[in-house]
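Peer 1: Dropping in run15.cif, which is mmCIF, C-alpha atoms:
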data_upload
#
loop_
_atom_site.group_PDB
_atom_site.id
_atom_site.type_symbol
_atom_site.label_atom_id
_atom_site.label_comp_id
_atom_site.auth_asym_id
_atom_site.auth_seq_id
_atom_site.Cartn_x
_atom_site.Cartn_y
_atom_site.Cartn_z
ATOM 1 C CA THR Q 1 0.000 0.000 0.000
ATOM 2 C CA ASP Q 2 1.176 3.540 -0.758
ATOM 3 C CA GLN Q 3 1.492 5.314 2.594
ATOM 4 C CA ALA Q 4 0.362 8.675 1.183
ATOM 5 C CA THR Q 5 -2.615 7.509 -0.905
ATOM 6 C CA SER Q 6 -3.577 4.113 0.630
ATOM 7 C CA GLU Q 7 -3.659 2.741 -2.929
ATOM 8 C CA PRO Q 8 -2.103 -0.637 -3.810
ATOM 9 C CA VAL Q 9 1.532 -0.513 -4.933
ATOM 10 C CA LEU Q 10 1.671 -2.491 -8.154
ATOM 11 C CA MET Q 11 4.616 -4.770 -8.933
ATOM 12 C CA ALA Q 12 6.063 -4.689 -5.431
ATOM 13 C CA THR Q 13 8.535 -7.485 -4.734
ATOM 14 C CA VAL Q 14 8.176 -9.495 -1.513
ATOM 15 C CA ARG Q 15 11.105 -11.632 -0.325
ATOM 16 C CA VAL Q 16 11.813 -13.633 2.768
ATOM 17 C CA SER Q 17 15.373 -12.596 3.586
ATOM 18 C CA GLY Q 18 17.935 -15.247 4.369
ATOM 19 C CA SER Q 19 15.396 -18.019 4.758
ATOM 20 C CA GLY Q 20 17.099 -20.368 2.312
ATOM 21 C CA GLU Q 21 13.604 -21.694 1.670
ATOM 22 C CA ASN Q 22 11.552 -21.761 -1.480
ATOM 23 C CA THR Q 23 8.603 -19.396 -1.393
ATOM 24 C CA PHE Q 24 5.622 -19.742 -3.670
ATOM 25 C CA SER Q 25 2.839 -17.427 -4.643
ATOM 26 C CA ASP Q 26 0.229 -17.111 -7.330
ATOM 27 C CA THR Q 27 2.406 -14.296 -8.667
ATOM 28 C CA HIS Q 28 6.011 -15.450 -8.176
ATOM 29 C CA ASP Q 29 8.587 -15.349 -10.944
ATOM 30 C CA ASP Q 30 11.578 -17.495 -11.895
ATOM 31 C CA THR Q 31 13.952 -15.472 -9.671
ATOM 32 C CA GLY Q 32 12.221 -16.756 -6.539
ATOM 33 C CA ASP Q 33 10.842 -13.308 -5.758
ATOM 34 C CA THR Q 34 7.145 -12.822 -5.146
ATOM 35 C CA HIS Q 35 5.234 -9.911 -6.631
ATOM 36 C CA ASP Q 36 1.968 -8.483 -5.421
ATOM 37 C CA ASP Q 37 -1.219 -8.712 -7.452
ATOM 38 C CA THR Q 38 -3.289 -5.830 -8.795
ATOM 39 C CA ARG Q 39 -4.827 -5.348 -5.324
ATOM 40 C CA GLY Q 40 -1.443 -5.115 -3.624
ATOM 41 C CA GLN Q 41 -1.855 -8.537 -2.031
ATOM 42 C CA TYR Q 42 0.626 -11.398 -1.974
ATOM 43 C CA ARG Q 43 0.802 -14.899 -0.573
ATOM 44 C CA LEU Q 44 3.802 -16.899 0.543
ATOM 45 C CA VAL Q 45 3.361 -20.574 1.341
ATOM 46 C CA GLY Q 46 5.649 -23.375 2.417
ATOM 47 C CA LEU Q 47 7.649 -21.406 4.953
ATOM 48 C CA GLU Q 48 8.827 -23.103 8.133
ATOM 49 C CA LYS Q 49 7.657 -21.786 11.507
ATOM 50 C CA GLY Q 50 9.813 -19.279 13.345
ATOM 51 C CA GLN Q 51 10.963 -15.708 13.025
ATOM 52 C CA ARG Q 52 11.401 -14.432 9.456
ATOM 53 C CA THR Q 53 12.479 -11.144 7.918
ATOM 54 C CA VAL Q 54 10.303 -9.979 5.025
ATOM 55 C CA VAL Q 55 11.667 -7.398 2.573
ATOM 56 C CA ILE Q 56 9.234 -5.440 0.387
ATOM 57 C CA SER Q 57 10.474 -3.252 -2.452
ATOM 58 C CA ALA Q 58 9.010 -1.402 -5.423
ATOM 59 C CA ARG Q 59 10.313 1.090 -7.944
ATOM 60 C CA GLY Q 60 9.827 4.625 -6.629
ATOM 61 C CA TYR Q 61 9.497 3.528 -2.991
ATOM 62 C CA GLU Q 62 11.809 3.021 -0.039
ATOM 63 C CA THR Q 63 12.443 -0.640 0.764
ATOM 64 C CA ALA Q 64 10.577 -1.834 3.855
ATOM 65 C CA THR Q 65 11.803 -4.597 6.163
ATOM 66 C CA ARG Q 66 9.563 -6.290 8.718
ATOM 67 C CA THR Q 67 10.102 -9.193 11.101
ATOM 68 C CA VAL Q 68 7.277 -11.686 11.592
ATOM 69 C CA GLN Q 69 6.800 -14.748 13.767
ATOM 70 C CA LEU Q 70 5.311 -17.657 11.820
ATOM 71 C CA VAL Q 71 3.295 -20.282 13.678
ATOM 72 C CA ARG Q 72 2.670 -23.757 12.257
ATOM 73 C CA GLY Q 73 -0.885 -24.229 11.030
ATOM 74 C CA SER Q 74 -1.854 -20.561 11.033
ATOM 75 C CA THR Q 75 -1.957 -17.667 8.605
ATOM 76 C CA THR Q 76 0.079 -14.555 9.311
ATOM 77 C CA THR Q 77 -1.041 -11.253 7.776
ATOM 78 C CA LEU Q 78 1.533 -8.534 7.182
ATOM 79 C CA ASP Q 79 0.238 -5.178 5.954
ATOM 80 C CA VAL Q 80 2.958 -2.772 4.859
ATOM 81 C CA ALA Q 81 2.622 0.844 3.755
ATOM 82 C CA LEU Q 82 5.507 1.884 1.497
ATOM 83 C CA THR Q 83 6.875 5.417 1.543
ATOM 84 C CA GLY Q 84 7.672 7.102 -1.755
ATOM 85 C CA SER Q 85 11.379 7.675 -2.262
ATOM 86 C CA SER Q 86 12.892 10.997 -3.250
ATOM 87 C CA ALA Q 87 14.362 10.754 -6.729
ATOM 88 C CA SER Q 88 17.795 12.315 -6.907
ATOM 89 C CA SER Q 89 20.039 12.639 -9.919
#
What is this file in structure tokens?
Peer 2:
Amino acid sequence: TDQATSEPVLMATVRVSGSGENTFSDTHDDTGDTHDDTRGQYRLVGLEKGQRTVVISARGYETATRTVQLVRGSTTTLDVALTGSSASS
């Protein structure tokens, strides 16, 4: 989500940093990265329980890093508002 407008950020990339695990999503590509859908939503499955660092990035925005605790058998929701970055030449 765009912090200023509350609109979805299209083509954001969502990665689980340093997990060494495969992540899958309806919108993942051959690099192993996961991209959000047109509503700004993403889904990662197949992650082991425990603490994970999630890195969200998109062109024109500052990269956001969040830590989440995953629990076996449950769904964890992580909502992130990205801040627009200042373009400098």
Peer 1: Record the distance separating CA of Gln41 in chain Q and CA of Leu10 in chain Q, expressed in Å with one decimal.
Peer 2: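 Distance reported for this atom pair: 9.3 Å.
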Peer 1: Given the file shown, determine the residues that the PyMOL selection byres ((chain Q and resi 75-84) around 6) selects; report them as a PyMOL selection string.
Peer 2: chain Q and resi 1-3+60-62+74+85
Peer 1: Those selected residues, please, written with C-alpha atoms and delivered as a CSV table (one decimal), in the coordinates of the input.
Peer 2:
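Saved result, again.csv, follows:
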chain,number,residue,atom,x,y,z
Q,1,THR,CA,0.0,0.0,0.0
Q,2,ASP,CA,1.2,3.5,-0.8
Q,3,GLN,CA,1.5,5.3,2.6
Q,60,GLY,CA,9.8,4.6,-6.6
Q,61,TYR,CA,9.5,3.5,-3.0
Q,62,GLU,CA,11.8,3.0,0.0
Q,74,SER,CA,-1.9,-20.6,11.0
Q,85,SER,CA,11.4,7.7,-2.3
Peer 1: Tell me, in Å to one decimal, how far CA of Leu70 in chain Q is from CA of Ser6 in chain Q.
Peer 2: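 That distance, rounded to one decimal, is 26.0 Å.
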Peer 1: Using the chain letters and numbering of this document, enumerate as a list in words the residues selected by the PyMOL selection byres ((chain Q and resi 8) around 6).
Peer 2: Thr1, Glu7, Val9, Arg39 and Gly40 of chain Q
Peer 1: Would you export the selected residues with C-alpha atoms as an mmCIF file, in the coordinates of the input, please?
Peer 2:
data_model
loop_
_atom_site.group_PDB
_atom_site.id
_atom_site.type_symbol
_atom_site.label_atom_id
_atom_site.label_comp_id
_atom_site.auth_asym_id
_atom_site.auth_seq_id
_atom_site.Cartn_x
_atom_site.Cartn_y
_atom_site.Cartn_z
ATOM 1 C CA THR Q 1 0.000 0.000 0.000
ATOM 2 C CA GLU Q 7 -3.659 2.741 -2.929
ATOM 3 C CA VAL Q 9 1.532 -0.513 -4.933
ATOM 4 C CA ARG Q 39 -4.827 -5.348 -5.324
ATOM 5 C CA GLY Q 40 -1.443 -5.115 -3.624
#
Peer 1: Just checking: using only C-alpha atoms, which residue out of Q:Thr53, Q:Arg43, Q:Ala58, Q:Thr67 ends up closest to Thr13 in chain Q?
Peer 2: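 Of all the options, Q:Ala58 lies closest to Thr13 in chain Q.
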Peer 1: If you measure from CA of Val68 in chain Q to CA of Met11 in chain Q, what distance in Å do you get, rounded to one decimal?
Peer 2: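 Computing the Euclidean distance for CA of Val68 in chain Q and CA of Met11 in chain Q yields 21.8 Å.
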Peer 1: Let me make sure I understand: among Q:Ser17, Q:Ala64, Q:Arg72, Q:Ser86, which one has the smallest atom-to-atom distance to Arg52 in chain Q if we use only C-alpha atoms?
Peer 2: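 Among Q:Ser17, Q:Ala64, Q:Arg72, Q:Ser86, it is Q:Ser17 that comes nearest to Arg52 in chain Q.
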Peer 1: Could you tell me which of Q:Ala4, Q:Val16, Q:Val71, Q:Arg66 comes closest to Gly50 in chain Q if we count all atoms listed in the file?
Peer 2: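 Using all atoms listed in the file, the shortest distance to Gly50 in chain Q belongs to Q:Val71.
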Peer 1: Find, counting only C-alpha atoms, the residue in Q:Val54, Q:Arg59, Q:Lys49, Q:Tyr42 that gets nearest to Arg15 in chain Q.
Peer 2: Q:Val54
